[in-house]
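Structure data follow from protein17.cif (mmCIF, C-alpha atoms):
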```cif
data_work
#
loop_
_atom_site.label_atom_id
_atom_site.label_comp_id
_atom_site.auth_asym_id
_atom_site.auth_seq_id
_atom_site.Cartn_x
_atom_site.Cartn_y
_atom_site.Cartn_z
CA MET A 1 150.40 44.44 13.46
CA CYS A 2 148.08 42.67 15.87
CA ALA A 3 144.93 41.32 14.24
CA LEU A 4 141.59 42.99 15.00
CA VAL A 5 138.38 41.03 15.38
CA ASP A 6 134.93 42.52 15.95
CA TYR A 7 132.63 39.95 17.52
CA ALA A 8 129.82 42.38 18.21
CA THR A 9 128.46 41.76 14.70
CA SER A 10 130.08 38.46 13.63
CA ASN A 11 129.56 35.01 15.04
CA GLY A 12 131.88 34.38 17.94
CA CYS A 13 131.78 35.91 21.40
CA ASN A 14 128.01 36.29 21.59
CA GLU A 15 127.04 32.84 20.35
CA GLU A 16 126.98 29.54 22.18
CA ARG A 17 130.48 28.21 22.74
CA ARG A 18 131.30 25.52 20.18
CA LYS A 19 133.83 22.71 20.45
CA VAL A 20 135.94 24.24 17.70
CA THR A 21 135.54 27.94 16.96
CA TYR A 22 136.97 30.13 14.24
CA PHE A 23 138.87 31.87 17.01
CA SER A 24 140.42 28.60 18.21
CA LEU A 25 141.72 27.75 14.76
CA GLU A 26 142.87 31.22 13.71
CA PHE A 27 144.32 32.54 16.95
CA GLU A 28 144.68 29.91 19.67
CA GLU A 29 146.07 27.16 17.42
CA LYS A 30 148.24 29.59 15.40
CA ASN A 31 149.31 31.33 18.64
CA ARG A 32 148.54 34.82 17.30
CA PRO A 33 147.79 37.92 19.39
CA VAL A 34 144.54 39.71 18.59
CA LYS A 35 142.51 42.67 19.81
CA ILE A 36 138.80 41.91 20.16
CA LEU A 37 135.90 44.36 20.03
CA GLY A 38 132.39 43.68 21.24
CA ALA A 39 133.22 41.09 23.90
CA THR A 40 131.67 43.17 26.70
CA VAL A 41 128.12 43.15 25.32
CA ASN A 42 125.71 42.66 28.25
CA TRP A 43 128.44 43.03 30.87
CA SER A 44 127.16 45.06 33.82
CA ALA A 45 130.87 45.54 34.67
CA MET A 46 131.27 47.67 31.54
CA PRO A 47 130.71 51.38 32.30
CA ASN A 48 128.68 53.54 29.96
CA TYR A 49 130.90 56.13 28.29
CA SER A 50 128.63 57.23 25.50
CA GLU A 51 127.30 60.67 24.83
CA ALA A 52 126.03 59.54 21.44
CA ASN A 53 126.75 55.87 22.34
CA HIS A 54 129.32 55.49 19.57
CA SER A 55 130.39 51.91 19.09
CA GLU A 56 133.82 50.70 20.12
CA LYS A 57 134.64 50.01 16.49
CA GLU A 58 133.76 53.57 15.47
CA GLN A 59 136.00 54.94 18.21
CA ASN A 60 139.00 52.76 17.36
CA ASP A 61 138.74 51.89 13.68
CA GLY A 62 142.11 52.27 11.96
CA TRP A 63 144.04 52.12 15.24
CA ALA A 64 143.57 55.86 15.72
CA ASP A 65 144.28 57.15 19.18
CA ILE A 66 141.30 58.54 21.04
CA SER A 67 141.06 62.31 21.02
CA ASP A 68 141.64 64.67 23.89
CA HIS A 69 137.91 65.32 23.86
CA SER A 70 137.02 61.71 24.61
CA ASN A 71 135.00 61.32 27.80
CA LEU A 72 137.42 58.51 28.68
CA MET A 73 140.15 61.09 29.27
CA THR A 74 138.15 62.52 32.14
CA ALA A 75 136.84 59.13 33.34
CA LYS A 76 133.19 60.08 32.90
CA GLY A 77 132.02 56.49 32.60
CA GLN A 78 128.87 55.77 34.53
CA GLY A 79 128.23 52.57 36.50
CA GLY A 80 130.16 49.39 36.04
CA TRP A 81 133.72 49.01 37.21
CA THR A 82 134.99 52.55 37.12
CA PHE A 83 137.51 53.09 39.86
CA ALA A 84 135.23 55.59 41.57
CA ASN A 85 132.37 53.09 41.57
CA LEU A 86 134.55 50.29 42.91
CA VAL A 87 135.76 52.56 45.73
CA ALA A 88 132.15 53.46 46.56
CA ARG A 89 131.16 49.79 46.65
CA PHE A 90 134.26 48.16 48.15
CA GLY A 91 136.31 51.00 49.64
CA ASP A 92 136.75 49.28 53.00
CA ILE A 93 137.70 45.92 51.49
CA SER A 94 141.39 45.00 51.30
CA TRP A 95 142.80 44.14 47.85
CA ARG A 96 146.13 42.60 46.90
CA TYR A 97 148.61 44.98 45.33
CA SER A 98 151.42 42.45 44.98
CA ASP A 99 150.61 39.14 43.38
CA GLN A 100 153.95 37.71 44.50
CA HIS A 101 153.90 38.58 48.18
CA GLY A 102 150.23 39.08 49.01
CA GLU A 103 150.41 42.57 50.53
CA MET A 104 147.00 44.20 50.80
CA MET A 105 145.40 47.60 51.30
CA SER A 106 141.87 48.92 51.17
CA LEU A 107 140.65 50.70 48.05
CA ASN A 108 140.08 53.81 50.17
CA THR A 109 143.76 53.79 51.16
CA TYR A 110 144.83 53.06 47.59
CA ALA A 111 142.73 55.95 46.30
CA LYS A 112 144.57 58.26 48.70
CA TYR A 113 147.94 56.87 47.58
CA ILE A 114 147.40 57.50 43.87
CA THR A 115 146.24 61.07 44.53
CA THR A 116 149.14 62.01 46.83
CA PRO A 117 152.44 63.50 45.62
CA GLU A 118 154.10 60.14 46.32
CA GLY A 119 151.76 58.20 44.06
CA GLN A 120 151.76 60.87 41.39
CA SER A 121 155.56 61.11 41.29
CA ASP A 122 156.57 57.43 41.54
CA ASP A 123 158.35 56.18 38.43
CA SER A 124 156.35 52.98 38.73
CA PRO A 125 153.35 53.43 41.04
CA LEU A 126 151.82 50.51 42.90
CA GLY A 127 148.97 48.70 41.18
CA ILE A 128 146.21 46.39 42.38
CA TYR A 129 146.77 42.79 41.23
CA ASP A 130 144.11 40.78 43.04
CA SER A 131 143.87 37.12 42.07
CA GLN A 132 141.38 36.27 44.82
CA PHE A 133 138.61 38.74 44.08
CA GLY A 134 135.29 36.95 44.00
CA ASP A 135 136.43 34.11 46.26
CA ASP A 136 134.52 35.52 49.23
CA ASP A 137 131.79 38.01 50.03
CA PRO A 138 131.32 40.88 49.38
CA THR A 139 133.37 40.83 46.13
CA ARG A 140 131.81 37.51 45.05
CA THR A 141 129.09 39.52 43.32
CA LEU A 142 131.66 40.81 40.81
CA LEU A 143 131.78 37.35 39.21
CA ASN A 144 128.20 37.84 38.06
CA GLU A 145 128.99 41.16 36.34
CA TYR A 146 131.05 39.80 33.43
CA THR A 147 131.35 36.56 31.48
CA VAL A 148 134.22 34.83 29.73
CA PRO A 149 133.86 35.67 26.01
CA LYS A 150 132.55 32.56 24.29
CA CYS A 151 134.98 32.78 21.38
CA PHE A 152 137.66 31.28 23.63
CA SER A 153 137.94 27.52 23.90
CA ARG A 154 137.07 25.83 27.16
CA ASP A 155 139.51 26.27 30.02
CA LEU A 156 140.83 22.74 30.43
CA PHE A 157 142.04 23.47 33.96
CA GLU A 158 138.35 23.40 34.89
CA LEU A 159 138.50 19.62 34.42
CA GLU A 160 140.79 18.94 37.36
CA CYS A 161 139.63 16.25 39.74
CA GLY A 162 137.49 18.01 42.32
CA SER A 163 135.43 19.82 39.64
CA ASP A 164 132.30 18.48 38.02
CA THR A 165 131.84 18.22 34.26
CA ASP A 166 130.57 21.82 34.09
CA GLY A 167 133.77 23.11 35.66
CA ASP A 168 132.12 24.06 38.97
CA GLU A 169 134.28 23.53 42.03
CA THR A 170 133.18 20.62 44.23
CA THR A 171 135.90 21.06 46.85
CA GLU A 172 137.64 24.05 48.38
CA GLU A 173 140.58 22.05 49.73
CA GLU A 174 142.51 21.82 46.46
CA PRO A 175 142.46 25.18 44.66
CA ARG A 176 143.67 25.45 41.09
CA PRO A 177 146.56 27.82 40.29
CA PRO A 178 145.52 31.51 40.21
CA PHE A 179 143.75 32.33 36.96
CA ARG A 180 141.71 35.55 37.29
CA TRP A 181 142.73 39.02 38.40
CA VAL A 182 141.33 42.50 38.82
CA LEU A 183 143.98 44.98 37.67
CA ILE A 184 143.90 48.63 38.77
CA GLY A 185 146.64 51.19 38.32
CA PRO A 186 147.31 54.86 37.57
CA GLU A 187 149.39 56.38 34.83
CA ARG A 188 152.93 54.89 34.63
CA SER A 189 151.91 51.73 36.48
CA GLY A 190 151.72 48.43 34.68
CA THR A 191 153.17 44.96 34.39
CA GLY A 192 156.82 44.37 33.56
CA LEU A 193 158.03 42.03 30.84
CA HIS A 194 157.01 38.44 31.58
CA VAL A 195 155.60 35.23 30.13
CA ASP A 196 152.29 34.10 31.58
CA PRO A 197 152.53 31.10 33.93
CA LEU A 198 152.21 27.48 32.81
CA TRP A 199 152.18 28.48 29.13
CA THR A 200 148.52 29.41 29.39
CA ASN A 201 146.66 31.80 27.12
CA ALA A 202 145.24 34.99 28.58
CA TRP A 203 142.62 37.58 27.79
CA VAL A 204 142.52 41.09 29.27
CA THR A 205 139.54 43.46 29.03
CA VAL A 206 139.87 47.15 29.89
CA LEU A 207 136.84 48.65 31.64
CA GLN A 208 138.31 52.08 32.28
CA GLY A 209 141.43 53.77 30.91
CA ARG A 210 144.02 52.78 28.30
CA LYS A 211 146.89 50.29 28.16
CA ARG A 212 149.95 50.23 25.91
CA TRP A 213 151.23 46.77 25.04
CA LEU A 214 154.36 45.24 23.55
CA LEU A 215 154.36 41.51 22.78
CA PHE A 216 157.41 39.59 21.55
CA PRO A 217 157.39 36.31 19.58
CA PRO A 218 158.05 33.30 21.86
CA HIS A 219 161.45 32.59 20.27
CA THR A 220 162.83 36.06 21.16
CA PRO A 221 166.00 35.71 23.31
CA HIS A 222 164.93 36.83 26.76
CA GLU A 223 168.23 38.46 27.67
CA SER A 224 168.07 40.73 24.64
CA ILE A 225 164.81 42.30 25.85
CA GLY A 226 165.71 42.65 29.52
CA MET A 227 164.32 39.38 30.90
CA ILE A 228 167.45 38.23 32.69
CA GLU A 229 167.21 35.13 34.86
CA GLY A 230 167.88 35.82 38.51
CA GLN A 231 167.35 39.57 38.22
CA PRO A 232 164.27 41.55 39.28
CA GLN A 233 161.60 42.34 36.71
CA ILE A 234 162.09 45.78 35.19
CA PRO A 235 159.02 48.02 35.76
CA SER A 236 157.26 48.71 32.48
CA SER A 237 157.68 52.50 32.66
CA ILE A 238 161.45 52.09 33.08
CA TRP A 239 161.62 49.37 30.42
CA PHE A 240 160.05 51.67 27.83
CA ALA A 241 162.69 54.31 28.60
CA ASP A 242 165.58 51.83 28.42
CA TYR A 243 164.59 49.32 25.73
CA TYR A 244 161.82 50.65 23.49
CA GLU A 245 164.08 52.52 21.07
CA LYS A 246 166.29 49.45 20.72
CA VAL A 247 163.53 46.94 19.90
CA THR A 248 161.78 49.26 17.44
CA SER A 249 164.91 50.36 15.57
CA THR A 250 165.61 49.27 11.99
CA SER A 251 168.60 47.26 13.21
CA TRP A 252 166.44 45.05 15.46
CA PRO A 253 166.01 41.55 13.91
CA ALA A 254 162.72 41.24 12.05
CA GLU A 255 162.02 37.81 13.54
CA TYR A 256 161.96 39.36 17.03
CA LYS A 257 159.92 42.42 16.11
CA PRO A 258 157.36 43.18 18.82
CA ILE A 259 153.65 43.70 18.25
CA GLU A 260 152.36 47.00 19.66
CA ILE A 261 148.78 47.45 20.83
CA LEU A 262 146.85 50.45 22.12
CA GLN A 263 143.96 49.09 24.19
CA CYS A 264 141.03 51.30 25.13
CA HIS A 265 137.95 50.74 27.25
CA GLY A 266 135.68 47.93 26.05
CA GLU A 267 138.48 46.20 24.17
CA THR A 268 139.91 42.75 24.90
CA VAL A 269 143.47 41.64 24.13
CA PHE A 270 144.23 37.96 23.59
CA VAL A 271 147.75 37.02 24.72
CA PRO A 272 148.87 33.67 23.27
CA ALA A 273 150.91 31.20 25.30
CA GLY A 274 154.63 31.83 25.53
CA TRP A 275 154.65 35.44 24.27
CA PRO A 276 156.81 37.74 26.46
CA HIS A 277 154.84 40.95 26.98
CA LEU A 278 154.63 44.09 29.07
CA VAL A 279 151.86 46.58 29.70
CA LEU A 280 151.96 50.27 30.60
CA ASN A 281 148.89 52.10 31.89
CA LEU A 282 148.54 55.45 30.13
CA GLU A 283 146.00 56.71 32.66
CA LEU A 284 143.99 55.38 35.60
CA THR A 285 142.95 51.95 34.34
CA VAL A 286 140.67 49.15 35.55
CA ALA A 287 140.77 45.75 33.85
CA VAL A 288 139.83 42.12 34.36
CA THR A 289 141.93 39.22 33.08
CA HIS A 290 141.79 35.43 32.96
CA ASN A 291 144.44 32.85 32.14
CA TYR A 292 143.18 29.61 30.64
CA ALA A 293 144.45 26.28 29.33
CA SER A 294 143.49 25.52 25.73
CA GLU A 295 143.98 22.31 23.78
CA TRP A 296 144.69 24.52 20.75
CA GLY A 297 148.25 25.77 20.56
CA PRO A 298 151.41 24.53 22.35
CA PHE A 299 149.55 22.03 24.58
CA GLU A 300 152.50 19.67 25.13
CA ARG A 301 154.70 22.54 26.31
CA MET A 302 151.98 23.61 28.73
CA CYS A 303 151.81 20.06 30.12
CA GLU A 304 155.56 20.10 30.75
CA ASP A 305 155.28 23.34 32.71
CA VAL A 306 152.29 22.11 34.74
CA VAL A 307 154.09 18.92 35.77
CA GLU A 308 157.26 20.80 36.72
CA GLU A 309 155.75 23.83 38.46
CA GLU A 310 152.42 22.52 39.83
CA PRO A 311 152.98 18.78 40.38
CA GLU A 312 150.08 18.24 42.81
CA PHE A 313 147.67 20.06 40.52
CA ALA A 314 149.05 18.09 37.55
CA VAL A 315 147.99 14.81 39.20
CA ARG A 316 144.46 16.13 39.82
CA TRP A 317 144.28 17.54 36.31
CA TYR A 318 145.33 14.24 34.77
CA ALA A 319 142.64 12.42 36.75
CA GLY A 320 140.05 15.05 35.76
CA LEU A 321 140.88 14.76 32.07
CA LYS A 322 140.51 10.98 32.28
CA LYS A 323 137.25 11.27 34.22
CA ASN A 324 135.81 13.60 31.59
CA GLY A 325 136.74 11.38 28.65
CA ARG A 326 139.76 13.37 27.44
CA ASP A 327 142.23 10.51 27.33
CA ASP A 328 143.73 12.09 24.21
CA LEU A 329 144.85 15.08 26.28
CA ALA A 330 145.67 13.14 29.43
CA SER A 331 148.17 11.11 27.41
CA CYS A 332 150.33 14.24 27.15
CA LEU A 333 150.91 14.07 30.94
CA PRO A 334 153.41 11.52 32.28
CA TYR A 335 150.97 9.49 34.37
CA THR A 336 149.43 6.09 33.88
CA LYS A 337 147.43 5.17 37.00
CA LYS A 338 146.02 8.10 38.91
CA ASP A 339 142.60 8.40 40.49
CA CYS A 340 140.70 11.30 42.04
#
```

Could you render the structure from this file as structure tokens?
Amino acid sequence: MCALVDYATSNGCNEERRKVTYFSLEFEEKNRPVKILGATVNWSAMPNYSEANHSEKEQNDGWADISDHSNLMTAKGQGGWTFANLVARFGDISWRYSDQHGEMMSLNTYAKYITTPEGQSDDSPLGIYDSQFGDDDPTRTLLNEYTVPKCFSRDLFELECGSDTDGDETTEEEPRPPFRWVLIGPERSGTGLHVDPLWTNAWVTVLQGRKRWLLFPPHTPHESIGMIEGQPQIPSSIWFADYYEKVTSTSWPAEYKPIEILQCHGETVFVPAGWPHLVLNLELTVAVTHNYASEWGPFERMCEDVVEEEPEFAVRWYAGLKKNGRDDLASCLPYTKKDC
């Protein structure tokens, strides 16, 4: 079972970020998935769902599914990043619905799609996967409506050459690899089985709706779970129909047993580096996610991937680590004399 951490009442996500946190040692370094409660305190992006303002922990304690009477089931959240509110604010703005090819459509058009017979009958409906939200006006304001939970260690990719010591960009000519996304999708949409790029960690917070997760240990043979090199990614709704019974049967090897997570609004899932995972939206869902590079966990493996897949960024990152006094980490990259 995935671990469960409540940082609304314990030290962690709402305290000043420390160099080494309990979270870093217990989850990042040990490469363990975890579901986090209380990370959205003070987020204006978080809608208000409460009638009696029950806490997230009260709603989800014991991994119980939410009831049919939950106001989430009828999307009655007020304010924040409900889909209806995003359409009202940014309906005419184009958003990316394919992170691989860059196709775009306006939220107004997307809202029509998911309410038409086509969108409601697709086995795997289109979803919004926008990695460039916040880069320009008017969506730039969204970056001020949430914060990275402070339990996570610093994102070391912030230290690339071209960023200052606070991680703020000082040049727009050399962008870092994509690292943040807004995710929107109706029932049956989701993300097929994959491993996050560059062996980075990730966190995903649901603001509206529910997600169903399966995460496999990093040593799971990819072919056995449908990740076949050279073949298209299997949509998550189809994967559940074709593979779920197999990987949850008593004959499935215990060392490859997946972790299952039900994620509801206000909850954050931590995805450790190298874990194959897939996500299925159980209803109309809005989420925000970041990928980040941590020194805790399989850092050397991440360096290998960065050098192979993002060689130009790797040079800048090496120089940035050296510039910021992290020679210990820079030594994991195969460079000796590189300057900004």

Test item: the PyMOL selection byres ((chain A and resi 332) around 9) resolved as a compact mmCIF listing (two decimals) with C-alpha atoms, in the coordinates of the input:
```
# COMPACT_ATOMS: atom_id res chain seq x y z
CA PHE A 299 149.55 22.03 24.58
CA GLU A 300 152.50 19.67 25.13
CA CYS A 303 151.81 20.06 30.12
CA GLU A 304 155.56 20.10 30.75
CA ASP A 327 142.23 10.51 27.33
CA ASP A 328 143.73 12.09 24.21
CA LEU A 329 144.85 15.08 26.28
CA ALA A 330 145.67 13.14 29.43
CA SER A 331 148.17 11.11 27.41
CA LEU A 333 150.91 14.07 30.94
CA PRO A 334 153.41 11.52 32.28
CA TYR A 335 150.97 9.49 34.37
```

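The smallest atom-to-atom distance between Glu158 (chain A) and any of A:Ala293, A:Met302, A:Ile184, A:Ile93, using only C-alpha atoms, is found for A:Ala293.
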
Counting all atoms listed in the file, the option among A:Phe216, A:Val204, A:Arg210, A:Tyr318 closest to Val306 (chain A):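 Counting all atoms listed in the file, the residue closest to Val306 (chain A) is A:Tyr318.
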
Residues returned when the PyMOL selection byres ((chain A and resi 129) around 9) runs on this file, as a ChimeraX atom specification: /A:95-99,127-128,130-131,181-185

Residue with smallest distance to Phe23 (chain A) - pool A:Pro47, A:Pro272, A:Pro311, A:Pro217, counting all atoms listed in the file: A:Pro272

One-decimal distance in Å that lies between CA of Gln231 (chain A) and CA of Phe179 (chain A):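 If I compute the distance from CA of Phe179 (chain A) to CA of Gln231 (chain A), I get 24.7 Å.
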
CA of Glu245 (chain A) to CA of Leu278 (chain A), straight-line distance in Å: 15.0 Å

Point-to-point distance from CA of Glu260 (chain A) to CA of Lys246 (chain A), Å rounded to tenths: 14.2 Å

Selection: 7 Å around Ala273 (chain A), all atoms listed in the file, excl. self and same-chain fewer than 4 positions, as number ranges by chain: A: 31, 199-201

Chain and number of each residue from the PyMOL selection byres ((chain A and resi 244) around 12), as a ChimeraX atom specification: /A:193,213-215,224-226,236-243,245-249,252,257-260,278

Non-local contacts of Ala88 (chain A) (12 Å; all atoms listed in the file; under 3 positions in same chain excluded) as a list in words: Gly79, Gly80, Trp81, Thr82, Phe83, Ala84, Asn85, Gly91, Asp92, Ile93, Ser106, Leu107, Asn108 and Ala111 of chain A

Ser24 (chain A) surroundings by only C-alpha atoms, 7 Å radius, close-in-sequence under 6 positions cut, as a PyMOL selection string: chain A and resi 152-153+296

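With distances restricted to all atoms listed in the file, A:Arg180 is the closest residue to Leu142 (chain A) from A:Arg212, A:Arg301, A:Arg180, A:Lys30.
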
Protein and nucleic acid residues near (145.5, 48.1, 33.6) (cut-off 7 Å, only C-alpha atoms) as an MDAnalysis selection string: chainID A and resid 183:185 190 206 211 281 285:287

Proximity to Glu267 (chain A) - best of A:Thr40, A:Thr191, A:Thr116, A:Asn324, only C-alpha atoms: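 Between A:Thr40, A:Thr191, A:Thr116, A:Asn324, the residue approaching Glu267 (chain A) most closely is A:Thr40.
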
Of the listed residues A:Val20, A:Val315, A:Val271, A:Met46, that which approaches Thr289 (chain A) most closely, counting only C-alpha atoms: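 Ranking A:Val20, A:Val315, A:Val271, A:Met46 by distance to Thr289 (chain A), first place goes to A:Val271.
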